[in-house]
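The structure under discussion appears below in the form of structure tokens.
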Amino acid sequence: MYLRLLLIASLVLSPWSALAADDGYGYPIPGSYEATILGTPAALMPEITEKMRLRQLVLEVIPGRHKPPVFFYDEGLRCSFAYQKQKAPLVFLIAGAGANDQSAKLLSMMRALFQAGFHVITLPSPTHANFIISASKSGIPGDLTEDSADLYHAMEVAWKRVQGDIEVSSFHLGGYSLGAAQAAFVAKLDEERRVFNFGKVLMVNPPVSLYGSATRIEELLKQIPGGPKKEGIFFNKMLSKFSAFYHAGNFVAINDDFLYAIYSERLFSREETAGLIGLTYRINLAGMIFASDVMTNSGYVVPKNRVLRSTDPLSDYFQVSTHLSFFDYFNEYFYPYMQTRRPGLTKEALIASLSLKSIEGYLKSSAKFGVMTNENDFILSKAELDYLRQIFGERAKVYPRGGHLGNLEYRDNMAYMVSFFKEQGVRP
Amino acid sequence: MTTVTGYHACRIALALALMLSLTGCAAIRSNTLAEVRPRHSVSEFKDQRFAEVADPWEAFNRSMYRFNFYLDKYFFLPVVTGYEFVTPDFVEDRISGVFNNLSEVRNLTNSLFQLKGVESATTLGRFLTNSTLGLGGMFDPATRFGLARQNQDFGKTLGYWGAESGPYLVLPIFGPSSVRDTSGLAVDYSISYGLYTGVDPFGSSSNSFAWDAGVTALGTVDARHQQSFRYYESGYPFEYNMVRFLYHEQRKIEIGKPKVEE
């Protein structure tokens, strides 16, 4: 959550006037970058009608896993579990890149489904440090097939943990962003393993090609003065702007009114807004790179064989990891690892395997899939959006705006998600 | 928030934490393999550092951060969970209201110290309204009347009059702070201690000690109940850096030094 405090956070606003274009869709923020950062104003989220019965699961997914002292606080994979007292369907939800089981978006999805009568278990993204430390066999995230196998195993462990406490009528699966692509691969694996026999699978704002989407996000940082290598200067400049704006206005705290004012007064230009999204992504990526490097002792950003202790300063690693791009990770770290796994693997073949297109036949053939995305989601090219429409036809719901995930928590979107799972889901 | 017993508890905790950190230092690195220079190191990046805060006592602070994590895990959180389990939400909110209302005294003294007239009047208005109409703070009609809460403390007062924050400091129990804000905390506690003994609300009852202790304990539990932050909960490997940065920056912005820094 704090990763987004920059100006982000989840807004609890009321002063949203009817900005909406006349297309019958009430989500108010037209710009894709703004929508992505601001998300959905609280007043436009579904009503909270009851308190969730919520438990956090801490799972030993890989027994006897060695954890370096610097990760002493990691006691196992953390999943959140909301449960009904009566028999109900269970939905597994996978977080997007860099997010944990308690990300605001996952919690909103979880709440909506819980209120509609489902059990829900949320899982961190395989790119989140907790997953890398506690649930990733290789400790090197990025491969859809391997990560999905890890996810599947984690789901089995989670299910084993709660099996005795709840009654389940059927299993379903969902994920957003990177988690959506992983959901497709997990569903495919389930066709062989048959542990869950997922009934319905919802992909929210999925990438088509991971490499393509990552490239598009990296592009956002190229718009800042001096490019990504000067992101520190950019960050500090944005921060000064932020403070100056606060001091100039009559604000009493860094609260929702203040954040709303930043938006309505257009404090940040379009390029700067894009840069801030790119920066948030880099901050997440840094956590992944560092955690993976420590777990595998690869000598990528931390000296090989150095055993970091819980009190060691990490600022230098933070500085280094945030300055590495997705391409650095891919070319210098991930691809060489994948070559050891699959000798002879070319870069092109690897990139092609990290795409929904690689399982196109399966996605087309199965009626269980649904897609929810937006016309202006910047992680997709126009061609990729068309591809989703073509593959999923009526099962692809494309909203006119919302950027990347900005409208996910909007009432209509939440209602669509619930009805998707209900179609063959909840029995009264 | 808490009162004097909390402060004593804090001193004991500090002593414990110091011991803990010393034993931490005594541990010897067990690796025997030679270190190899990593592929990327900090010297190759010619860029400003971001999210950087002066932290000369980082090793101490990090062990305190860890100490708070364990203190939460084995003491505070089980107590708070128990409290939340037995207390209906409605009652919890009323209790929070009462303690928040009491802390308006701290807000008031400090906005007075900063000679902020309008803000002092607003806070005084809040305190009077909520103490009476709001039934001792159980409800908050003042906010509905347009009297917004304005959090103040002596750390902010010091900052307002030009004191620099000094190095970052993680306190036991209280968490992220700075040298300036720690002195501020001590002053705020002394003032509220003075006020409580001066007013002596339970002095006439024969078991005032039990009352004081009970109120203090409840206040402490309520404070933890209202604070949703959990150490290491984000799981982000650089959480310590981010928390340090956000604490520092938020204080700096909210103190709102009039003079321009560059």
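Labels used: A, B, ... for chains in the order of the structure tokens, numbers from 1 for residues in each chain, and numbers from 1 for ligands as shown.
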- request: Find the residues around stretch 184-187 of chain B up to 7 Å (only C-alpha atoms counted), leave out those fewer than 5 positions away in its own chain, and share them as a PyMOL selection string.
  value: chain B and resi 153-155
Expected file contents, prior selection, N, CA and C atoms, as a short mmCIF file (atom, residue, chain, number, x, y, z; two decimals), in the first residue's frame:
data_model
loop_
_atom_site.label_atom_id
_atom_site.label_comp_id
_atom_site.auth_asym_id
_atom_site.auth_seq_id
_atom_site.Cartn_x
_atom_site.Cartn_y
_atom_site.Cartn_z
N ASP B 153 1.51 17.67 17.67
CA ASP B 153 2.27 17.13 18.78
C ASP B 153 3.50 18.00 18.96
N PHE B 154 4.24 17.75 20.03
CA PHE B 154 5.36 18.64 20.32
C PHE B 154 6.49 18.50 19.30
N GLY B 155 6.60 17.34 18.71
CA GLY B 155 7.57 17.16 17.62
C GLY B 155 7.29 18.15 16.50
#
Polymer residues at most 12 Å from A:Ser365, only C-alpha atoms, same-chain spacing of 4 or more positions, as a PyMOL selection string: chain A and resi 188+359-361+369+391-392
Hey, can you spit out that residue selection with N, CA and C atoms as a compact mmCIF listing (two decimals), in the first residue's frame?
# COMPACT_ATOMS: atom_id res chain seq x y z
N LYS A 188 -5.06 -24.51 -17.22
CA LYS A 188 -4.61 -25.53 -18.17
C LYS A 188 -3.96 -26.72 -17.42
N ILE A 359 -1.06 -20.80 -25.62
CA ILE A 359 -2.08 -21.79 -25.23
C ILE A 359 -3.42 -21.44 -25.88
N GLU A 360 -3.31 -20.79 -27.02
CA GLU A 360 -4.49 -20.29 -27.71
C GLU A 360 -5.54 -21.38 -27.96
N GLY A 361 -5.07 -22.53 -28.44
CA GLY A 361 -6.00 -23.61 -28.76
C GLY A 361 -6.85 -23.98 -27.54
N PHE A 369 -13.63 -19.76 -19.68
CA PHE A 369 -12.91 -18.50 -19.54
C PHE A 369 -13.77 -17.27 -19.77
N ILE A 391 -10.46 -14.12 -29.75
CA ILE A 391 -10.38 -15.43 -29.09
C ILE A 391 -11.59 -15.69 -28.20
N PHE A 392 -11.98 -14.67 -27.45
CA PHE A 392 -13.00 -14.91 -26.43
C PHE A 392 -14.40 -14.46 -26.85
task: Select residues of chain B: the criterion is any atom within 7 Å of an atom of chain A, counting only C-alpha atoms; output as a ChimeraX atom specification.
output: /B:31,33-42,47-50,58-59,62-63,150,232,235-238,253-254,256
Write the residues of the preceding selection, restricted to C-alpha atoms, as a CSV table (one decimal), in the first residue's frame.
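Listing of again.csv after writing:
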chain,number,residue,atom,x,y,z
B,31,ASN,CA,29.7,-18.1,5.8
B,33,LEU,CA,32.9,-18.9,1.1
B,34,ALA,CA,34.6,-15.9,-0.3
B,35,GLU,CA,32.3,-13.1,-1.5
B,36,VAL,CA,32.2,-12.3,-5.2
B,37,ARG,CA,31.4,-8.9,-6.6
B,38,PRO,CA,27.8,-8.7,-7.9
B,39,ARG,CA,27.0,-8.1,-11.5
B,40,HIS,CA,25.4,-4.7,-10.7
B,41,SER,CA,26.6,-2.5,-7.9
B,42,VAL,CA,25.7,1.0,-6.8
B,47,ASP,CA,21.5,9.3,-10.3
B,48,GLN,CA,20.2,10.9,-7.2
B,49,ARG,CA,19.2,8.5,-4.5
B,50,PHE,CA,15.6,8.3,-3.8
B,58,GLU,CA,20.4,2.1,11.0
B,59,ALA,CA,21.7,-1.1,12.6
B,62,ARG,CA,16.6,-2.1,12.3
B,63,SER,CA,17.0,-4.2,15.4
B,150,GLN,CA,-6.0,18.8,13.3
B,232,TYR,CA,6.8,-6.6,7.7
B,235,GLY,CA,6.5,-8.6,2.7
B,236,TYR,CA,8.4,-6.1,0.5
B,237,PRO,CA,12.2,-6.6,1.1
B,238,PHE,CA,12.7,-2.8,1.3
B,253,ILE,CA,5.1,18.0,4.7
B,254,GLU,CA,2.7,18.2,7.6
B,256,GLY,CA,4.9,22.6,6.7
message: Residues near A:Ala88, anyone? I mean within 12 Å using only C-alpha atoms, not counting same-chain ones fewer than 2 positions away, as an NGL selection string.
response: :A and (82-86 or 90-91 or 113-120 or 166-172 or 421-422 or 424-428)
Store the residues of this selection in a file with C-alpha atoms, as a compact mmCIF listing (two decimals), in the first residue's frame.
# COMPACT_ATOMS: atom_id res chain seq x y z
CA ALA A 82 -12.83 -15.54 3.56
CA TYR A 83 -15.34 -18.23 4.35
CA GLN A 84 -19.03 -18.94 4.53
CA LYS A 85 -20.72 -21.01 7.19
CA GLN A 86 -22.69 -23.00 4.65
CA LEU A 90 -14.61 -21.50 -3.56
CA VAL A 91 -12.81 -18.93 -5.73
CA LEU A 113 -17.50 -12.40 -3.85
CA PHE A 114 -17.85 -13.04 -0.14
CA GLN A 115 -20.97 -10.88 -0.03
CA ALA A 116 -22.35 -12.86 -2.95
CA GLY A 117 -21.92 -16.07 -0.96
CA PHE A 118 -18.57 -17.46 -2.11
CA HIS A 119 -15.60 -18.73 -0.14
CA VAL A 120 -12.45 -16.95 -1.36
CA ILE A 166 -15.65 -25.44 5.13
CA GLU A 167 -17.92 -27.19 2.68
CA VAL A 168 -17.19 -26.51 -0.97
CA SER A 169 -19.54 -27.14 -3.87
CA SER A 170 -17.21 -26.23 -6.75
CA PHE A 171 -13.94 -24.42 -7.51
CA HIS A 172 -13.31 -21.31 -9.58
CA PHE A 421 -18.87 -16.63 -11.25
CA LYS A 422 -22.52 -17.05 -10.36
CA GLN A 424 -22.84 -21.78 -12.80
CA GLY A 425 -21.79 -20.99 -9.30
CA VAL A 426 -23.75 -20.35 -6.17
CA ARG A 427 -26.68 -22.41 -5.21
CA PRO A 428 -29.06 -20.64 -2.85
message: Taking 5 positions as the minimum chain separation for residues in the same chain, which residues sit within 12 Å of B:Lys116 when counting only C-alpha atoms? Answer as a ChimeraX atom specification.
response: /B:107-111,121-124,150,152,157,160
message: Give me the residues near A:Ser353 as a PyMOL selection string, where near means some atom within 12 Å (using only C-alpha atoms) and where sequence neighbours in that chain fewer than 3 positions away do not count.
response: chain A and resi 142-146+181+185+208-211+338+345-350+356-360
Same residues, C-alpha atoms, saved as a PDB file, in the first residue's frame:
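In the end it all went to result.pdb:
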ATOM      1  CA  GLY A 142       8.881 -15.028 -14.731  1.00  0.00           C
ATOM      2  CA  ASP A 143       8.059 -18.273 -16.499  1.00  0.00           C
ATOM      3  CA  LEU A 144       4.304 -18.700 -16.824  1.00  0.00           C
ATOM      4  CA  THR A 145       4.505 -22.481 -16.839  1.00  0.00           C
ATOM      5  CA  GLU A 146       6.786 -22.821 -13.796  1.00  0.00           C
ATOM      6  CA  ALA A 181      -2.326 -14.686 -17.411  1.00  0.00           C
ATOM      7  CA  PHE A 185      -1.948 -21.413 -17.237  1.00  0.00           C
ATOM      8  CA  VAL A 208      -1.473 -11.071 -23.957  1.00  0.00           C
ATOM      9  CA  SER A 209       2.312 -11.173 -24.165  1.00  0.00           C
ATOM     10  CA  LEU A 210       4.241 -10.629 -20.925  1.00  0.00           C
ATOM     11  CA  TYR A 211       7.226  -9.308 -22.819  1.00  0.00           C
ATOM     12  CA  MET A 338      15.709 -20.620 -18.526  1.00  0.00           C
ATOM     13  CA  LEU A 345      16.049 -22.256 -25.925  1.00  0.00           C
ATOM     14  CA  THR A 346      16.171 -19.114 -28.037  1.00  0.00           C
ATOM     15  CA  LYS A 347      15.101 -15.742 -26.737  1.00  0.00           C
ATOM     16  CA  GLU A 348      12.343 -15.584 -29.323  1.00  0.00           C
ATOM     17  CA  ALA A 349      10.986 -18.953 -28.288  1.00  0.00           C
ATOM     18  CA  LEU A 350      11.050 -17.916 -24.641  1.00  0.00           C
ATOM     19  CA  LEU A 356      -1.565 -16.380 -24.017  1.00  0.00           C
ATOM     20  CA  LYS A 357      -1.026 -17.153 -27.687  1.00  0.00           C
ATOM     21  CA  SER A 358       1.037 -20.162 -26.663  1.00  0.00           C
ATOM     22  CA  ILE A 359      -2.078 -21.789 -25.232  1.00  0.00           C
ATOM     23  CA  GLU A 360      -4.493 -20.294 -27.714  1.00  0.00           C
TER      24      GLU A 360
END
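Here atom CA of A:Glu423 is placed at a distance of 27.4 Å from atom CA of A:Val157.
Assigned to strand (DSSP E) in stretch 181-419 of chain A, given DSSP computed from backbone atoms, are Val201, Leu202, Met203, Val204, Phe369, Gly370, Val371, Met372, Thr373, Asn374, Ala396, Lys397, Val398 and Tyr399 of chain A.
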query: Can you list every residue in stretch 20-201 of chain B that DSSP puts in helix (DSSP H, G or I), as an NGL selection string?
result: :B and (20-26 or 42-44 or 58-86 or 89-102 or 104-113 or 117-132 or 141-144 or 154-160 or 179-199)
